[in-house]
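The structure appears right after this line, and notes come after that.
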Amino acid sequence: MPQFSRNLDVYQGFNFKKDKQTPVGYITAISIGGVPLTADQETIKDPENPDAAIADKVVAVLNHYLWETGVTDAMYFSGQVSVANKQKVAEMLLGKFSNIEVVFKYVVYEYDPIGKKYFKSNFLDAEMKGLLEKSGDELNMSVADNESREVQSPKNYTFQIGIKPQALEQSLNLATSSTKKLAKKWGVTETAS
């Protein structure tokens, strides 16, 4: 089965340059166990309109995204979060989880060399509802203790999370160019027996 896996340029994500055409991605909103992380990464440029900032601040600048494209496959995100969000995640990890629900929104941009412009290659029209993935007894979420050195200002920390779908059918958008788009399903609605 095909997968959607992208290595994303963190430096370009924080410091967008018009003459560089590497993929970038962002978590624009996320709430874990009912605790929202703050969208506090500012002055992030909109790749589709690099003279303007993205309308909203973002929670994380992504360095990697992976989804195997199956309706029950988990999505994996790795990206850079602020000091405040690093502290929130660390507090969650040290506490006890009774609610593993994750509500999130993200976007991945790529450059179309034929269309000569950036386009959204993986994005949502509405927030997705998922659950924190478990690996054995461990939840698939972590945050680095030491700050990242790839981009030194603002201070940022590597955050990773695996999210599996809730038992409801949701939709996301994929694109292979600025003109070729399709919708994919994520999650399966449980039927009463």
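Chain labels A, B, ... are given in the sequence in which chains occur in the structure tokens; within each chain residues are numbered consecutively from 1, and ligands are likewise numbered from 1 in the order shown.
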Identify, on the basis of only C-alpha atoms, every residue whose closest approach to Glu68 (chain A) does not exceed 7 Å; exclude the query and any residue fewer than 2 positions from it along the same chain; express the result as an mmCIF file with all heavy atoms, in the first residue's frame.
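As written to disk, around10.cif reads:
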data_model
loop_
_atom_site.group_PDB
_atom_site.id
_atom_site.type_symbol
_atom_site.label_atom_id
_atom_site.label_comp_id
_atom_site.auth_asym_id
_atom_site.auth_seq_id
_atom_site.Cartn_x
_atom_site.Cartn_y
_atom_site.Cartn_z
ATOM 1 N N PRO A 2 0.532 2.266 -0.751
ATOM 2 C CA PRO A 2 1.354 3.481 -0.775
ATOM 3 C C PRO A 2 1.315 4.203 0.564
ATOM 4 O O PRO A 2 0.363 4.056 1.327
ATOM 5 C CB PRO A 2 0.706 4.322 -1.863
ATOM 6 C CG PRO A 2 -0.701 3.851 -1.935
ATOM 7 C CD PRO A 2 -0.659 2.392 -1.578
ATOM 8 N N GLN A 3 2.343 4.954 0.831
ATOM 9 C CA GLN A 3 2.368 5.747 2.055
ATOM 10 C C GLN A 3 2.622 7.209 1.702
ATOM 11 O O GLN A 3 3.127 7.514 0.626
ATOM 12 C CB GLN A 3 3.444 5.244 3.020
ATOM 13 C CG GLN A 3 4.861 5.431 2.534
ATOM 14 C CD GLN A 3 5.886 4.980 3.566
ATOM 15 O OE1 GLN A 3 5.561 4.342 4.556
ATOM 16 N NE2 GLN A 3 7.140 5.298 3.332
ATOM 17 N N PHE A 4 2.240 8.087 2.605
ATOM 18 C CA PHE A 4 2.528 9.501 2.455
ATOM 19 C C PHE A 4 3.530 9.824 3.544
ATOM 20 O O PHE A 4 3.181 9.918 4.721
ATOM 21 C CB PHE A 4 1.255 10.347 2.607
ATOM 22 C CG PHE A 4 1.458 11.795 2.236
ATOM 23 C CD1 PHE A 4 1.056 12.258 0.997
ATOM 24 C CD2 PHE A 4 2.055 12.679 3.120
ATOM 25 C CE1 PHE A 4 1.243 13.593 0.644
ATOM 26 C CE2 PHE A 4 2.255 14.012 2.777
ATOM 27 C CZ PHE A 4 1.852 14.466 1.539
ATOM 28 N N LEU A 66 4.323 11.021 8.594
ATOM 29 C CA LEU A 66 4.148 9.700 7.981
ATOM 30 C C LEU A 66 2.733 9.209 8.217
ATOM 31 O O LEU A 66 2.232 9.246 9.347
ATOM 32 C CB LEU A 66 5.133 8.682 8.573
ATOM 33 C CG LEU A 66 4.887 7.213 8.215
ATOM 34 C CD1 LEU A 66 5.098 6.956 6.730
ATOM 35 C CD2 LEU A 66 5.759 6.303 9.045
ATOM 36 N N GLY A 70 -3.756 3.912 5.015
ATOM 37 C CA GLY A 70 -4.882 3.032 5.320
ATOM 38 C C GLY A 70 -5.846 3.733 6.274
ATOM 39 O O GLY A 70 -5.426 4.555 7.095
ATOM 40 N N ASP A 73 -4.737 3.264 9.777
ATOM 41 C CA ASP A 73 -3.315 3.510 10.069
ATOM 42 C C ASP A 73 -3.134 4.788 10.881
ATOM 43 O O ASP A 73 -3.820 5.789 10.649
ATOM 44 C CB ASP A 73 -2.508 3.634 8.776
ATOM 45 C CG ASP A 73 -2.396 2.311 8.035
ATOM 46 O OD1 ASP A 73 -2.509 1.253 8.684
ATOM 47 O OD2 ASP A 73 -2.191 2.342 6.808
#
- Within 12 Å of Arg149 (chain A), counting only C-alpha atoms, which residues qualify if same-chain residues fewer than 6 places away don't, as number ranges by chain? A: 10-11, 80, 155-158
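The space between CA of Lys88 (chain A) and CA of Asp46 (chain A) spans 26.8 Å.
Residues of region 9-126 of chain A assigned to helix (DSSP H, G or I) by DSSP on this structure's backbone: Val10, Tyr11, Gln12, Gly13, Phe14, Val83, Ala84, Asn85, Lys86, Gln87, Lys88, Val89, Ala90, Glu91, Met92, Leu93 and Leu94 of chain A.
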Selected residues written out, C-alpha atoms, as a PDB file, in the first residue's frame:
ATOM      1  CA  VAL A  10      12.374  22.898   9.735  1.00  0.00           C
ATOM      2  CA  TYR A  11      14.698  25.772   8.848  1.00  0.00           C
ATOM      3  CA  GLN A  12      12.548  26.677   5.829  1.00  0.00           C
ATOM      4  CA  GLY A  13       9.445  26.291   8.018  1.00  0.00           C
ATOM      5  CA  PHE A  14      10.707  28.912  10.476  1.00  0.00           C
ATOM      6  CA  VAL A  83       9.321  26.130  25.536  1.00  0.00           C
ATOM      7  CA  ALA A  84       5.778  26.542  26.954  1.00  0.00           C
ATOM      8  CA  ASN A  85       4.434  23.607  24.911  1.00  0.00           C
ATOM      9  CA  LYS A  86       7.480  21.472  25.774  1.00  0.00           C
ATOM     10  CA  GLN A  87       6.667  22.058  29.456  1.00  0.00           C
ATOM     11  CA  LYS A  88       2.972  21.152  28.934  1.00  0.00           C
ATOM     12  CA  VAL A  89       3.852  17.908  27.132  1.00  0.00           C
ATOM     13  CA  ALA A  90       6.476  16.982  29.754  1.00  0.00           C
ATOM     14  CA  GLU A  91       3.866  17.554  32.490  1.00  0.00           C
ATOM     15  CA  MET A  92       1.382  15.310  30.636  1.00  0.00           C
ATOM     16  CA  LEU A  93       3.991  12.572  30.248  1.00  0.00           C
ATOM     17  CA  LEU A  94       4.818  12.656  33.968  1.00  0.00           C
TER      18      LEU A  94
END
Contacts of region 57-161 of chain A with region 171-178 of chain A up to 10 Å, shortest pair per row, only C-alpha atoms, as a tab-separated table:
residue	atom	partner	partner_atom	distance
A:Val71	CA	A:Ser171	CA	9.6
A:Val107	CA	A:Asn173	CA	9.6
A:Val108	CA	A:Leu174	CA	9.4
A:Tyr109	CA	A:Ala175	CA	9.6
A:Glu110	CA	A:Ser177	CA	8.2
A:Tyr111	CA	A:Ser177	CA	7.9
A:Asp112	CA	A:Ser177	CA	5.6
A:Pro113	CA	A:Ser177	CA	8.7
A:Ile114	CA	A:Ser177	CA	8.4
A:Gly115	CA	A:Ser178	CA	6.5
A:Lys116	CA	A:Ser178	CA	9.0
A:Lys117	CA	A:Ser178	CA	7.5
A:Tyr118	CA	A:Ser178	CA	7.3
A:Phe119	CA	A:Ser178	CA	5.3
A:Lys120	CA	A:Ala175	CA	6.9
A:Ser121	CA	A:Ala175	CA	4.4
A:Asn122	CA	A:Leu174	CA	4.5
A:Phe123	CA	A:Asn173	CA	5.3
A:Leu124	CA	A:Leu172	CA	5.0
A:Asp125	CA	A:Leu172	CA	7.1
A:Ala126	CA	A:Ser171	CA	8.4
A:Glu127	CA	A:Leu172	CA	9.6
A:Met128	CA	A:Ser171	CA	8.2
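Taking CA of Pro47 (chain A) and CA of Lys18 (chain A) as endpoints, the distance between them is 8.2 Å.
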Listing only residues of region 17-88 of chain A within 12 Å of region 129-136 of chain A, what is the closest atom pair and its distance in Å (to one decimal) for each, using only C-alpha atoms, sorted by chain and residue number ascending, as JSON lines?
{"residue": "A:Ala29", "atom": "CA", "partner": "A:Lys129", "partner_atom": "CA", "distance": 11.7}
{"residue": "A:Ile30", "atom": "CA", "partner": "A:Lys129", "partner_atom": "CA", "distance": 9.9}
{"residue": "A:Ser31", "atom": "CA", "partner": "A:Lys129", "partner_atom": "CA", "distance": 9.7}
{"residue": "A:Ile32", "atom": "CA", "partner": "A:Leu132", "partner_atom": "CA", "distance": 8.0}
{"residue": "A:Gly33", "atom": "CA", "partner": "A:Leu132", "partner_atom": "CA", "distance": 8.7}
{"residue": "A:Gly34", "atom": "CA", "partner": "A:Leu131", "partner_atom": "CA", "distance": 11.4}
{"residue": "A:Val71", "atom": "CA", "partner": "A:Gly130", "partner_atom": "CA", "distance": 12.0}
{"residue": "A:Thr72", "atom": "CA", "partner": "A:Gly130", "partner_atom": "CA", "distance": 10.5}
{"residue": "A:Asp73", "atom": "CA", "partner": "A:Glu133", "partner_atom": "CA", "distance": 10.2}
{"residue": "A:Ala74", "atom": "CA", "partner": "A:Glu133", "partner_atom": "CA", "distance": 7.3}
{"residue": "A:Met75", "atom": "CA", "partner": "A:Glu133", "partner_atom": "CA", "distance": 9.1}
{"residue": "A:Tyr76", "atom": "CA", "partner": "A:Glu133", "partner_atom": "CA", "distance": 9.4}
{"residue": "A:Phe77", "atom": "CA", "partner": "A:Leu132", "partner_atom": "CA", "distance": 11.7}
Can you pull out every residue within 7 Å of Ala39 (chain A), counting only C-alpha atoms, but drop anything in the same chain fewer than 3 positions away, and send it as a PDB file with N, CA and C atoms, in the first residue's frame?
ATOM      1  N   THR A  28      -1.235  22.998  13.154  1.00  0.00           N
ATOM      2  CA  THR A  28      -1.840  24.310  13.384  1.00  0.00           C
ATOM      3  C   THR A  28      -2.697  24.336  14.651  1.00  0.00           C
ATOM      4  N   ALA A  29      -3.134  23.167  15.111  1.00  0.00           N
ATOM      5  CA  ALA A  29      -3.911  23.077  16.357  1.00  0.00           C
ATOM      6  C   ALA A  29      -3.821  21.645  16.866  1.00  0.00           C
ATOM      7  N   LYS A  57      -1.212  31.565  14.124  1.00  0.00           N
ATOM      8  CA  LYS A  57       0.064  31.037  14.610  1.00  0.00           C
ATOM      9  C   LYS A  57      -0.027  29.520  14.580  1.00  0.00           C
ATOM     10  N   VAL A  58       1.107  28.838  14.665  1.00  0.00           N
ATOM     11  CA  VAL A  58       1.107  27.377  14.626  1.00  0.00           C
ATOM     12  C   VAL A  58       1.648  26.818  15.936  1.00  0.00           C
ATOM     13  N   VAL A  59       1.298  25.550  16.208  1.00  0.00           N
ATOM     14  CA  VAL A  59       1.756  24.869  17.417  1.00  0.00           C
ATOM     15  C   VAL A  59       3.155  24.304  17.200  1.00  0.00           C
TER      16      VAL A  59
END
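Closest approach to Asn99 (chain A) among A:Ser78, A:Ala183, A:Ser148, A:Leu139 is made by A:Leu139 (distances from only C-alpha atoms).
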- Message: Show me, as a list in words, the residues that have an atom within 6 Å of Leu62 (chain A) when counting only C-alpha atoms, minus same-chain residues fewer than 6 positions from it.
- Response: Gly25, Tyr26, Ser78 and Gly79 of chain A
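The coordinates place CA of Val151 (chain A) at 25.9 Å from CA of Ile163 (chain A).
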